[in-house]
$ cat input.txt   # compact mmCIF, C-alpha atoms
# COMPACT_ATOMS: atom_id res chain seq x y z
CA MET A 238 247.72 57.91 170.79
CA SER A 239 248.25 59.94 173.95
CA GLY A 240 246.56 58.68 177.12
CA PRO A 241 244.80 60.46 179.94
CA GLN A 242 247.53 62.69 181.36
CA THR A 243 248.75 66.22 181.00
CA SER A 244 252.09 67.90 181.45
CA ARG A 245 250.57 71.05 182.89
CA LYS A 246 250.78 73.10 179.69
CA VAL A 247 247.85 75.02 178.26
CA ASN A 248 247.20 74.67 174.53
CA LYS A 249 246.24 78.31 174.20
CA PRO A 250 242.90 78.86 172.49
CA THR A 251 242.18 81.83 170.32
CA LYS A 252 240.76 84.88 172.09
CA LYS A 253 237.26 83.94 171.01
CA LYS A 254 236.72 80.40 172.21
CA GLU A 255 233.89 79.82 169.76
CA LYS A 256 236.48 79.75 166.96
CA ASN A 257 237.73 76.49 168.40
CA PHE A 258 234.46 74.67 167.70
CA LEU A 259 232.65 73.81 164.54
CA PRO A 260 229.42 75.85 164.61
CA PHE A 261 226.41 74.29 166.28
CA ALA A 262 223.55 76.23 167.85
CA ASN A 263 222.78 74.00 170.83
CA TYR A 264 225.11 71.11 171.60
CA GLY A 265 223.20 68.16 172.95
CA GLU A 266 219.87 69.49 171.65
CA GLU A 267 219.75 70.03 167.89
CA GLY A 268 219.04 66.83 166.01
CA VAL A 269 218.25 64.93 169.22
CA THR A 270 214.93 63.11 168.89
CA GLY A 271 214.84 61.13 172.13
CA GLU A 272 215.94 57.80 170.63
CA VAL A 273 217.78 55.08 172.56
CA ILE A 274 220.13 52.90 170.51
CA ASP A 275 221.97 50.09 172.30
CA LEU A 276 224.37 47.45 170.96
CA ASN A 277 223.62 44.84 173.60
CA ASP A 278 226.31 42.40 172.45
CA PHE A 279 229.19 44.89 172.63
CA LYS A 280 231.76 43.99 175.28
CA HIS A 281 234.10 46.52 176.87
CA MET A 282 237.81 45.66 177.05
CA PRO A 283 240.54 47.78 178.65
CA GLY A 284 243.73 48.33 176.68
CA HIS A 285 247.02 50.12 176.27
CA ASN A 286 246.60 52.42 173.26
CA CYS A 287 243.34 54.16 172.40
CA GLN A 288 243.29 53.40 168.66
CA LEU A 289 244.53 49.82 168.90
CA CYS A 290 242.15 49.16 171.76
CA SER A 291 239.21 50.70 169.86
CA LEU A 292 239.99 48.52 166.87
CA ARG A 293 240.36 45.37 168.96
CA LYS A 294 236.95 45.79 170.61
CA THR A 295 235.20 46.55 167.35
CA LEU A 296 236.74 43.53 165.63
CA ALA A 297 235.82 41.36 168.64
CA TYR A 298 232.21 42.52 168.29
CA HIS A 299 232.30 40.91 164.83
CA GLY A 300 233.86 37.72 166.20
CA TRP A 301 237.46 38.48 165.22
CA ASP A 302 239.71 37.77 168.18
CA PHE A 303 243.06 39.58 167.98
CA SER A 304 245.31 40.84 170.73
CA GLU A 305 246.15 44.53 170.82
CA GLU A 306 249.77 43.55 170.22
CA MET A 307 248.86 41.62 167.08
CA LEU A 308 247.00 44.65 165.73
CA LEU A 309 250.05 46.83 166.40
CA GLY A 310 252.14 44.45 164.30
CA LEU A 311 249.54 44.15 161.56
CA ALA A 312 249.46 47.95 161.32
CA SER A 313 253.27 48.09 160.90
CA ALA A 314 252.85 50.95 163.34
CA LEU A 315 255.93 50.81 165.55
CA GLY A 316 257.88 54.00 164.96
CA MET A 317 260.12 56.69 166.31
CA LEU A 318 260.01 60.31 165.32
CA TYR A 319 261.45 63.57 166.55
CA TRP A 320 259.13 66.38 165.48
CA GLU A 321 259.43 70.09 166.13
CA MET A 322 257.56 73.00 164.59
CA LYS A 323 257.17 76.67 165.47
CA LEU A 324 253.50 76.16 166.35
CA MET A 325 254.38 73.44 168.87
CA PRO A 326 255.24 74.47 172.45
CA VAL A 327 257.89 71.73 172.74
CA PRO A 328 259.24 68.91 170.55
CA PHE A 329 257.23 65.72 170.15
CA ILE A 330 259.05 62.38 170.39
CA GLY A 331 256.51 59.82 169.25
CA ALA A 332 256.59 56.04 169.04
CA LEU A 333 254.02 55.27 166.31
CA ASN A 334 254.44 55.81 162.58
CA ALA A 335 250.72 56.06 161.82
CA LYS A 336 248.61 59.20 161.70
CA GLU A 337 244.87 59.88 161.87
CA THR A 338 243.07 56.73 160.61
CA GLU A 339 246.08 54.82 159.22
CA ILE A 340 246.15 52.15 161.96
CA PHE A 341 242.55 51.18 161.18
CA GLU A 342 243.11 51.32 157.44
CA ARG A 343 246.29 49.22 157.41
CA VAL A 344 244.97 46.47 159.67
CA VAL A 345 241.55 46.11 158.06
CA THR A 346 242.98 46.25 154.53
CA ARG A 347 245.52 43.55 155.38
CA LEU A 348 242.74 41.36 156.75
CA GLY A 349 240.73 41.70 153.54
CA GLY A 350 238.36 44.60 154.20
CA ASN A 351 238.40 48.36 154.12
CA ILE A 352 237.36 51.30 156.27
CA ILE A 353 234.99 54.16 155.64
CA THR A 354 235.88 57.46 157.30
CA HIS A 355 232.93 59.76 157.94
CA GLN A 356 233.90 63.38 158.41
CA THR A 357 231.86 66.55 158.20
CA SER A 358 231.94 70.19 159.23
CA SER A 359 228.33 69.93 160.41
CA PRO A 360 227.78 68.81 164.03
CA LEU A 361 224.18 67.95 163.14
CA LYS A 362 225.30 65.73 160.26
CA ALA A 363 227.98 64.22 162.51
CA HIS A 364 225.33 63.26 165.06
CA GLN A 365 223.20 61.73 162.31
CA ASN A 366 226.23 59.74 161.07
CA LEU A 367 226.74 58.38 164.58
CA LYS A 368 223.09 57.36 164.91
CA GLU A 369 223.01 55.70 161.48
CA LEU A 370 226.08 53.63 162.28
CA LEU A 371 224.68 52.48 165.62
CA LYS A 372 221.29 51.70 164.06
CA ALA A 373 223.09 49.53 161.51
CA GLY A 374 224.41 47.50 164.43
CA GLU A 375 227.95 48.82 164.20
CA PRO A 376 230.07 50.17 167.08
CA ALA A 377 231.28 53.67 166.25
CA ILE A 378 235.01 54.36 166.51
CA THR A 379 234.96 58.08 167.22
CA PHE A 380 237.72 60.70 167.41
CA ILE A 381 237.39 63.14 170.31
CA ASP A 382 239.28 65.94 172.05
CA MET A 383 240.22 64.53 175.48
CA ALA A 384 239.87 67.91 177.19
CA PHE A 385 236.06 67.53 177.19
CA MET A 386 235.98 64.13 178.89
CA PRO A 387 235.51 64.71 182.66
CA TYR A 388 236.54 61.16 183.57
CA PHE A 389 240.17 61.95 182.74
CA PHE A 390 240.53 64.75 185.26
CA ARG A 391 240.29 65.77 188.91
CA GLU A 392 236.85 66.03 190.47
CA ASP A 393 236.89 69.85 190.56
CA ALA A 394 238.23 70.29 187.03
CA GLU A 395 236.64 72.86 184.75
CA ILE A 396 235.60 71.28 181.47
CA PRO A 397 237.11 71.68 178.95
CA PHE A 398 240.34 71.09 180.81
CA GLU A 399 242.45 73.54 178.82
CA GLU A 400 245.77 71.84 179.62
CA ALA A 401 244.80 68.61 177.89
CA HIS A 402 243.55 69.36 174.36
CA PHE A 403 244.33 66.36 172.17
CA GLY A 404 242.01 65.41 169.34
CA GLY A 405 243.72 62.21 168.18
CA HIS A 406 242.08 60.17 170.93
CA THR A 407 239.54 57.49 169.98
CA VAL A 408 236.73 55.79 171.88
CA VAL A 409 234.02 53.34 170.83
CA VAL A 410 230.40 54.44 171.15
CA TYR A 411 228.11 51.46 171.80
CA GLU A 412 224.97 53.11 173.18
CA LEU A 413 223.26 56.45 172.66
CA ASP A 414 220.52 57.57 175.05
CA GLU A 415 219.14 60.80 173.62
CA LYS A 416 216.26 60.76 176.06
CA ASN A 417 218.62 61.34 178.99
CA GLY A 418 221.40 63.08 177.05
CA ILE A 419 223.98 60.32 177.62
CA VAL A 420 226.53 58.58 175.41
CA TYR A 421 227.98 55.25 176.53
CA ILE A 422 231.59 54.80 175.47
CA SER A 423 234.39 52.29 175.80
CA ASP A 424 237.83 53.85 176.28
CA ARG A 425 241.10 52.10 177.12
CA LEU A 426 240.43 52.35 180.87
CA ASP A 427 239.23 49.48 183.05
CA LYS A 428 235.51 50.32 182.96
CA PRO A 429 233.02 51.60 180.36
CA LEU A 430 231.80 55.16 180.81
CA ARG A 431 228.74 57.41 180.64
CA VAL A 432 229.40 60.86 179.17
CA PRO A 433 226.98 63.79 178.81
CA LEU A 434 225.97 64.10 175.17
CA LYS A 435 226.74 67.84 175.21
CA TYR A 436 230.38 67.29 176.19
CA PHE A 437 230.71 64.44 173.74
CA GLN A 438 229.45 66.53 170.82
CA MET A 439 231.80 69.38 171.73
CA ALA A 440 234.69 66.90 171.98
CA ARG A 441 233.92 65.78 168.44
CA ALA A 442 233.58 69.33 167.12
CA SER A 443 236.73 70.74 168.74
CA LEU A 444 239.16 72.61 166.50
CA TYR A 445 241.88 72.83 169.14
CA GLN A 446 245.36 71.72 168.19
CA PRO A 447 246.95 69.24 168.10
CA PHE A 448 245.04 66.93 165.77
CA PRO A 449 241.53 68.44 165.94
CA PRO A 450 239.01 65.59 165.51
CA ARG A 451 236.60 67.41 163.16
CA HIS A 452 233.91 64.76 163.69
CA LYS A 453 235.97 61.83 162.36
CA LEU A 454 234.11 58.53 162.64
CA VAL A 455 235.53 55.21 161.44
CA GLU A 456 233.35 52.42 160.07
CA LEU A 457 234.83 48.97 159.44
CA ASN A 458 233.76 47.15 156.26
CA LEU A 459 234.80 43.57 156.96
CA PRO A 460 234.73 40.37 154.91
CA VAL A 461 233.10 37.23 156.31
CA LYS A 462 236.47 35.90 157.44
CA PRO A 463 239.85 37.63 157.83
CA LYS A 464 242.78 36.62 155.69
CA PRO A 465 245.03 34.07 157.47
CA LEU A 466 247.72 35.68 159.64
CA LYS A 467 250.35 33.46 158.02
CA GLU A 468 249.69 35.25 154.74
CA VAL A 469 249.71 38.83 155.97
CA LEU A 470 252.17 38.93 158.87
CA PRO A 471 255.40 38.70 156.81
CA GLY A 472 254.51 41.80 154.79
CA ALA A 473 253.46 43.70 157.91
CA ILE A 474 256.77 42.97 159.63
CA GLU A 475 258.80 43.81 156.52
CA ASP A 476 256.98 47.13 156.05
CA ASN A 477 257.71 48.11 159.64
CA LEU A 478 261.34 47.05 159.22
CA GLU A 479 261.72 49.19 156.11
CA TRP A 480 260.17 52.25 157.79
CA MET A 481 262.47 51.96 160.80
CA MET A 482 265.70 51.26 158.90
CA ASP A 483 265.08 53.40 155.82
CA PRO A 484 262.69 56.15 156.96
CA PRO A 485 261.27 58.78 154.61
CA ILE A 486 263.04 61.64 156.44
CA SER A 487 266.02 61.86 158.77
CA ASN A 488 264.11 62.48 162.00
CA PHE A 489 261.98 59.32 161.61
CA GLY A 490 262.76 55.67 162.29
CA LEU A 491 266.03 54.68 163.88
CA LYS A 492 267.42 58.04 162.78
CA GLY A 493 264.81 59.67 165.02
CA TYR A 494 266.76 58.51 168.07
CA LEU A 495 269.90 60.19 166.73
CA LYS A 496 267.96 63.39 166.06
CA PHE A 497 266.69 63.30 169.64
CA LYS A 498 270.23 62.78 170.94
CA GLN A 499 271.52 65.66 168.81
CA GLN A 500 268.77 68.08 169.77
CA PHE A 501 268.43 67.31 173.48
CA PRO A 502 271.30 69.61 174.62
CA THR A 503 269.68 72.50 172.74
CA TRP A 504 266.58 72.25 174.91
CA TYR A 505 268.47 73.55 177.91
CA LYS A 506 269.95 76.37 175.84
CA ARG A 507 266.77 77.40 174.03
CA PHE A 508 264.03 76.87 176.62
CA ASP A 509 263.26 78.72 179.81
CA ALA A 510 262.48 76.71 182.97
CA ASP A 511 258.75 76.36 182.19
CA LYS A 512 259.29 75.14 178.65
CA PHE A 513 262.19 72.86 179.57
CA LEU A 514 260.18 71.12 182.28
CA LEU A 515 257.25 70.81 179.89
CA ALA A 516 259.52 69.17 177.31
CA LEU A 517 260.86 66.66 179.86
CA SER A 518 257.41 65.88 181.25
CA SER A 519 255.74 65.55 177.84
CA THR A 520 258.47 63.24 176.59
CA PHE A 521 258.12 61.02 179.66
CA ILE A 522 254.35 60.83 179.13
CA TYR A 523 254.82 59.82 175.48
CA MET A 524 257.35 57.20 176.59
CA GLU A 525 255.62 55.56 179.51
CA THR A 526 252.13 56.59 180.57
CA GLY A 527 250.26 58.23 177.70
CA GLY A 528 248.73 55.26 175.92
CA SER A 529 252.03 53.69 174.85
CA GLY A 530 251.73 50.49 176.88
CA GLY A 531 255.12 51.37 178.35
CA ALA A 532 258.58 52.08 176.97
CA TRP A 533 257.55 53.86 173.78
CA VAL A 534 255.27 50.96 172.71
CA ARG A 535 258.25 48.58 172.71
CA CYS A 536 256.66 46.40 175.42
CA MET A 537 253.75 45.74 173.08
CA TYR A 538 255.93 45.15 170.03
CA SER A 539 258.09 42.61 171.87
CA ARG A 540 254.96 40.64 172.75
CA PHE A 541 253.78 40.92 169.14
CA LEU A 542 257.01 39.38 167.88
CA ARG A 543 256.53 36.43 170.23
CA GLU A 544 252.98 35.93 168.92
CA ALA A 545 254.22 36.20 165.34
CA ALA A 546 257.02 33.70 166.02
CA GLU A 547 254.41 31.10 166.97
CA VAL A 548 252.02 31.86 164.11
CA LEU A 549 254.77 31.86 161.47
CA ASN A 550 256.88 29.13 163.07
CA LYS A 551 259.83 31.53 163.06
CA PRO A 552 261.52 31.02 166.46
CA MET A 553 264.25 33.52 165.57
CA LEU A 554 261.66 36.27 166.00
CA ASN A 555 261.86 35.43 169.71
CA LYS A 556 265.52 36.42 169.58
CA ALA A 557 264.51 39.84 168.24
CA ALA A 558 261.91 40.07 171.03
CA ASP A 559 264.66 39.33 173.56
CA ILE A 560 266.65 42.28 172.22
CA PHE A 561 263.56 44.51 172.41
CA ASP A 562 263.19 43.42 176.04
CA GLU A 563 266.75 44.53 176.67
CA GLU A 564 265.95 47.81 174.94
CA ILE A 565 262.90 48.25 177.19
CA ARG A 566 265.22 48.15 180.21
CA ALA A 567 267.41 50.75 178.48
CA ILE A 568 264.39 52.99 177.87
CA ARG A 569 263.58 52.84 181.57
CA GLU A 570 267.19 53.88 182.24
CA LEU A 571 266.66 56.81 179.86
CA GLU A 572 263.55 57.83 181.80
CA LEU A 573 265.59 57.84 185.01
CA ALA A 574 268.31 59.87 183.31
CA MET A 575 265.82 62.48 182.11
CA LEU A 576 263.99 62.81 185.46
CA PRO A 577 266.76 61.64 187.81
CA GLU A 578 266.54 60.63 191.45
CA GLU A 579 269.40 63.05 192.20
CA LEU A 580 267.02 65.94 191.46
CA PRO A 581 264.17 65.15 193.88
CA ASN A 582 261.50 67.35 192.35
CA LEU A 583 262.02 65.90 188.88
CA ALA A 584 261.91 62.43 190.41
CA GLU A 585 258.63 63.35 192.09
CA ILE A 586 257.22 64.48 188.72
CA ARG A 587 258.12 61.09 187.24
CA ARG A 588 256.61 59.13 190.14
CA THR A 589 253.45 61.25 190.14
CA PHE A 590 252.82 60.67 186.43
CA ILE A 591 253.16 56.91 186.94
CA GLU A 592 250.86 56.89 189.96
CA THR A 593 248.28 59.09 188.23
CA ASN A 594 248.22 56.79 185.23
CA MET A 595 247.60 53.77 187.46
CA VAL A 596 244.78 55.53 189.32
CA GLN A 597 243.12 56.64 186.06
CA GLU A 598 243.34 53.24 184.45
CA LYS A 599 241.92 51.32 187.43
CA MET A 600 239.04 53.79 187.98
CA GLU A 601 238.39 52.68 191.54
CA SER A 602 235.84 54.50 193.70
CA ASN A 603 236.58 58.22 194.23
CA TYR A 604 239.52 57.98 191.80
CA ARG A 605 238.93 61.55 190.60
CA HIS A 606 239.46 62.74 194.18
CA ASN A 607 242.75 60.86 194.18
CA ILE A 608 243.66 62.49 190.87
CA ARG A 609 243.07 65.89 192.47
CA GLU A 610 245.55 65.06 195.23
CA LEU A 611 248.08 63.78 192.71
CA ASP A 612 247.57 66.84 190.53
CA ASP A 613 248.30 69.10 193.51
CA ARG A 614 251.46 67.09 194.18
CA LEU A 615 252.48 67.51 190.55
CA LYS A 616 251.95 71.27 190.62
CA ALA A 617 254.07 71.56 193.76
CA ALA A 618 256.86 69.44 192.25
CA ILE A 619 256.90 71.46 189.03
CA GLY A 620 257.01 74.72 190.97
CA ALA A 621 259.89 73.51 193.11
CA ALA A 622 261.73 72.10 190.10
CA LYS A 623 261.59 75.50 188.36
CA ASP A 624 263.21 77.14 191.35
CA ASP A 625 265.79 74.48 192.11
CA ASP A 626 266.25 71.42 189.86
CA TYR A 627 266.28 73.36 186.58
CA THR A 628 269.45 75.23 187.53
CA LYS A 629 271.19 71.95 188.43
CA TYR A 630 270.28 70.01 185.29
CA ARG A 631 273.25 70.71 183.03
CA PRO A 632 275.46 67.80 184.30
CA PHE A 633 272.71 65.33 183.40
CA ILE A 634 272.57 66.23 179.71
CA LEU A 635 275.45 63.93 178.75
CA LYS A 636 273.86 61.09 180.75
CA VAL A 637 270.65 61.50 178.80
CA GLN A 638 272.53 61.49 175.49
CA ALA A 639 274.39 58.32 176.47
CA ALA A 640 271.09 56.67 177.43
CA ILE A 641 269.53 57.61 174.07
CA GLU A 642 272.57 56.16 172.29
CA LYS A 643 272.16 52.87 174.17
CA VAL A 644 268.48 52.64 173.21
CA TYR A 645 269.39 53.37 169.58
CA ASP A 646 272.09 50.68 169.54
CA LEU A 647 269.79 48.01 170.96
CA GLU A 648 266.90 48.77 168.63
CA SER A 649 269.27 48.78 165.65
CA LYS A 650 270.41 45.34 166.77
CA ALA A 651 266.80 44.14 167.12
CA TRP A 652 265.81 45.23 163.62
CA THR A 653 269.01 43.76 162.18
CA GLN A 654 267.95 40.47 163.75
CA VAL A 655 264.49 40.77 162.16
CA LYS A 656 266.07 41.55 158.80
CA SER A 657 268.16 38.38 158.95
CA ILE A 658 265.05 36.19 159.15
CA HIS A 659 263.62 34.89 155.91
CA MET A 660 259.89 35.57 156.11
$ encode --input "input.txt" --output "structure tokens"
Amino acid sequence: MSGPQTSRKVNKPTKKKEKNFLPFANYGEEGVTGEVIDLNDFKHMPGHNCQLCSLRKTLAYHGWDFSEEMLLGLASALGMLYWEMKLMPVPFIGALNAKETEIFERVVTRLGGNIITHQTSSPLKAHQNLKELLKAGEPAITFIDMAFMPYFFREDAEIPFEEAHFGGHTVVVYELDEKNGIVYISDRLDKPLRVPLKYFQMARASLYQPFPPRHKLVELNLPVKPKPLKEVLPGAIEDNLEWMMDPPISNFGLKGYLKFKQQFPTWYKRFDADKFLLALSSTFIYMETGGSGGAWVRCMYSRFLREAAEVLNKPMLNKAADIFDEEIRAIRELELAMLPEELPNLAEIRRTFIETNMVQEKMESNYRHNIRELDDRLKAAIGAAKDDDYTKYRPFILKVQAAIEKVYDLESKAWTQVKSIHM
């Protein structure tokens, strides 16, 4: 899912903000009894993608040691989709083919267990569900709206940060201190975090689009031992292959690249400067810095194939990984084509997103101050791009289309290689 960045676009709330929250009289107060629940053996791990990282840490707590890349492969989750609806401000070009809790469900089911999804319209019941899971000695994989998490944003940000509503983000809760109104969470960033209980409850209760969390909580029901990877990996790879090469609709899978190529010229015709720059920026975030692990998750999938090649004794999977590595270089060329060096303000937007992501992930001292400076740089670059770079963009449209075509050709070649291997 998306990582801790924004593209400077407000997800407009309704006129009455209270309509964007499930009703609760006093967030951080009702149902709070002063208990302290701590999973002392839980270990924080940073990661690339919020859901994969949440799953990895929770499995590790139970003694199951899997890389984030292996979980991506087990989930058959590598995807490509071009999605556009009237309610969306700009198109979404995503790189995963799983929605809501499907990553958790697919992986755990393949390994011999199942998941239990707790969801309720009652914030009080949601808080009780969280406490019961922690008391049972289980880390709580929790869906939240990122806009309520201060650690993502500049030091002077007003919370909720209206430009960053995204409710598909997951964290792992491993300690609840009701006495002091604090929740301890593990996100994909380098360090674990303390979050005010009030903000955390509002993040769970948010009804803001896209993907409002609605108090979703995932519990893993695991067997004593996971099924052997040699048994389950072939099916996982074949399912992902089928989804990419024979997708359910024409804007998914490999065809999603072609839809993107077809639709990209229309952006410049249909969108004003604000919306066009938002579309470019959002797409770059989905590609490179927003919890993808880089290059639309292809960096992670290439490493997965190399792990799978060793587990399955299928060295030809390394050949497919080599092609994915070539595609990764082509994706980086596409990023440069979309936000080109020849248009200096667009190039500054690209560089600022990358730098901001690095600062957020490392979480060094006074990093939120550094984010404020980067955010100011980003605002200035976007303002200048609206006045200057936008009017000069037309000649770059064909370059972007050619770059998309190259990415499509290489990924088609990679999946053809996978298909040729007898699993």
$ residues_around --input "input.txt" --residues "region 468-481 of chain A" --least-positions-apart "4" --cutoff "7 Å" --atoms "all atoms listed in the file" --output "CSV table (one decimal) with C-alpha atoms, in the frame of the given file"
chain,number,residue,atom,x,y,z
A,310,GLY,CA,252.1,44.4,164.3
A,311,LEU,CA,249.5,44.2,161.6
A,312,ALA,CA,249.5,48.0,161.3
A,313,SER,CA,253.3,48.1,160.9
A,314,ALA,CA,252.8,51.0,163.3
A,315,LEU,CA,255.9,50.8,165.6
A,316,GLY,CA,257.9,54.0,165.0
A,347,ARG,CA,245.5,43.6,155.4
A,490,GLY,CA,262.8,55.7,162.3
A,491,LEU,CA,266.0,54.7,163.9
A,652,TRP,CA,265.8,45.2,163.6
A,660,MET,CA,259.9,35.6,156.1
$ atom_distance --input "input.txt" --atom1 "CA of Asn488 (chain A)" --atom2 "CA of Pro447 (chain A)"
19.4 Å
$ axis_aligned_box --input "input.txt" --around "region 305-308 of chain A" --padding-each-side "6 Å" --output "AutoDock Vina command-line options"
--center_x 248.0 --center_y 43.1 --center_z 168.3 --size_x 15.6 --size_y 15.0 --size_z 17.1
$ atom_distance --input "input.txt" --atom1 "CA of Glu592 (chain A)" --atom2 "CA of Tyr523 (chain A)"
15.3 Å
$ closest_residue --input "input.txt" --among "A:Val269, A:Leu444, A:Ala394, A:Val327" --to "Leu514 (chain A)" --atoms "only C-alpha atoms"
A:Val327
$ atom_distance --input "input.txt" --atom1 "CA of Val432 (chain A)" --atom2 "CA of Tyr604 (chain A)"
16.4 Å
$ closest_residue --input "input.txt" --among "A:Pro429, A:Gly350, A:Gly374, A:Pro360" --to "Lys453 (chain A)" --atoms "only C-alpha atoms"
A:Pro360
$ residues_near_point --input "input.txt" --point "(233.0, 66.6, 165.8)" --cutoff "7 Å" --atoms "all atoms listed in the file" --output "list in words"
Pro360, Ala363, Gln438, Met439, Ala440, Arg441, Ala442, Ser443, Pro450, Arg451, His452 and Lys453 of chain A
$ residues_around --input "input.txt" --residues "Glu305 (chain A)" --least-positions-apart "3" --cutoff "12 Å" --atoms "all atoms listed in the file" --output "PyMOL selection string"
chain A and resi 282-297+301-302+308-312+314+340+344+425+529-530+534+536-538+540-541+544
$ residues_around --input "input.txt" --residues "region 629-642 of chain A" --least-positions-apart "4" --cutoff "9 Å" --atoms "all atoms listed in the file" --output "JSON, numbers by chain"
{"A": [494, 495, 497, 498, 499, 501, 502, 505, 567, 568, 570, 571, 572, 573, 574, 575, 577, 580, 625, 646, 647]}
$ residues_near_point --input "input.txt" --point "(225.1, 58.6, 165.9)" --cutoff "12 Å" --atoms "all atoms listed in the file" --output "MDAnalysis selection string"
chainID A and resid 268:270 272:275 355 360:379 409:415 419:421 434 437:438 441 452:456
$ residues_around --input "input.txt" --residues "Glu601 (chain A)" --least-positions-apart "6" --cutoff "10 Å" --atoms "all atoms listed in the file" --output "list in words"
Asp427, Lys428 and Asn607 of chain A
$ write_last_selection --input "input.txt" --atoms "C-alpha atoms" --output "PDB file, in the coordinates of the input"
ATOM      1  CA  ASP A 427     239.230  49.480 183.050  1.00  0.00           C
ATOM      2  CA  LYS A 428     235.510  50.320 182.960  1.00  0.00           C
ATOM      3  CA  ASN A 607     242.750  60.860 194.180  1.00  0.00           C
TER       4      ASN A 607
END
$ closest_residue --input "input.txt" --among "A:Thr338, A:Val655, A:Leu554, A:Tyr627" --to "Ile353 (chain A)" --atoms "all atoms listed in the file"
A:Thr338
$ residues_around --input "input.txt" --residues "Gln654 (chain A)" --least-positions-apart "4" --cutoff "7 Å" --atoms "only C-alpha atoms" --output "PyMOL selection string"
chain A and resi 557+650+658
$ decode --input "input.txt" --residues "region 409-456 of chain A" --atoms "C-alpha atoms" --output "mmCIF file, in the first residue's frame"
data_model
loop_
_atom_site.group_PDB
_atom_site.id
_atom_site.type_symbol
_atom_site.label_atom_id
_atom_site.label_comp_id
_atom_site.auth_asym_id
_atom_site.auth_seq_id
_atom_site.Cartn_x
_atom_site.Cartn_y
_atom_site.Cartn_z
ATOM 1 C CA VAL A 409 1.155 -3.605 13.938
ATOM 2 C CA VAL A 410 0.082 -2.695 17.467
ATOM 3 C CA TYR A 411 2.259 -4.433 20.065
ATOM 4 C CA GLU A 412 1.617 -2.372 23.198
ATOM 5 C CA LEU A 413 -1.322 -0.399 24.543
ATOM 6 C CA ASP A 414 -0.825 1.997 27.453
ATOM 7 C CA GLU A 415 -4.284 3.271 28.363
ATOM 8 C CA LYS A 416 -2.967 4.867 31.521
ATOM 9 C CA ASN A 417 -0.960 7.396 29.507
ATOM 10 C CA GLY A 418 -3.122 7.358 26.360
ATOM 11 C CA ILE A 419 -0.416 5.859 24.124
ATOM 12 C CA VAL A 420 -0.374 3.135 21.469
ATOM 13 C CA TYR A 421 2.940 1.576 20.457
ATOM 14 C CA ILE A 422 3.045 0.610 16.802
ATOM 15 C CA SER A 423 5.439 -0.871 14.283
ATOM 16 C CA ASP A 424 5.202 0.671 10.812
ATOM 17 C CA ARG A 425 7.495 0.098 7.833
ATOM 18 C CA LEU A 426 9.862 2.884 8.944
ATOM 19 C CA ASP A 427 13.213 2.327 10.652
ATOM 20 C CA LYS A 428 12.009 2.768 14.243
ATOM 21 C CA PRO A 429 8.921 1.785 16.269
ATOM 22 C CA LEU A 430 6.578 4.612 17.232
ATOM 23 C CA ARG A 431 4.444 6.016 20.047
ATOM 24 C CA VAL A 432 1.113 7.471 18.910
ATOM 25 C CA PRO A 433 -1.541 9.246 21.012
ATOM 26 C CA LEU A 434 -4.466 6.891 21.525
ATOM 27 C CA LYS A 435 -6.922 9.616 20.450
ATOM 28 C CA TYR A 436 -5.310 10.004 17.025
ATOM 29 C CA PHE A 437 -5.006 6.262 16.628
ATOM 30 C CA GLN A 438 -8.694 5.678 17.330
ATOM 31 C CA MET A 439 -9.683 8.417 14.885
ATOM 32 C CA ALA A 440 -7.361 6.902 12.267
ATOM 33 C CA ARG A 441 -9.187 3.599 12.683
ATOM 34 C CA ALA A 442 -12.636 5.203 12.551
ATOM 35 C CA SER A 443 -12.004 7.428 9.517
ATOM 36 C CA LEU A 444 -14.514 7.268 6.676
ATOM 37 C CA TYR A 445 -12.409 9.342 4.299
ATOM 38 C CA GLN A 446 -11.780 7.977 0.830
ATOM 39 C CA PRO A 447 -9.888 6.185 -0.536
ATOM 40 C CA PHE A 448 -10.204 2.857 1.259
ATOM 41 C CA PRO A 449 -11.657 3.963 4.619
ATOM 42 C CA PRO A 450 -10.355 1.557 7.295
ATOM 43 C CA ARG A 451 -13.628 1.147 9.234
ATOM 44 C CA HIS A 452 -11.817 -0.447 12.180
ATOM 45 C CA LYS A 453 -10.414 -3.418 10.232
ATOM 46 C CA LEU A 454 -8.202 -5.626 12.379
ATOM 47 C CA VAL A 455 -6.519 -8.801 11.111
ATOM 48 C CA GLU A 456 -5.880 -11.810 13.335
#
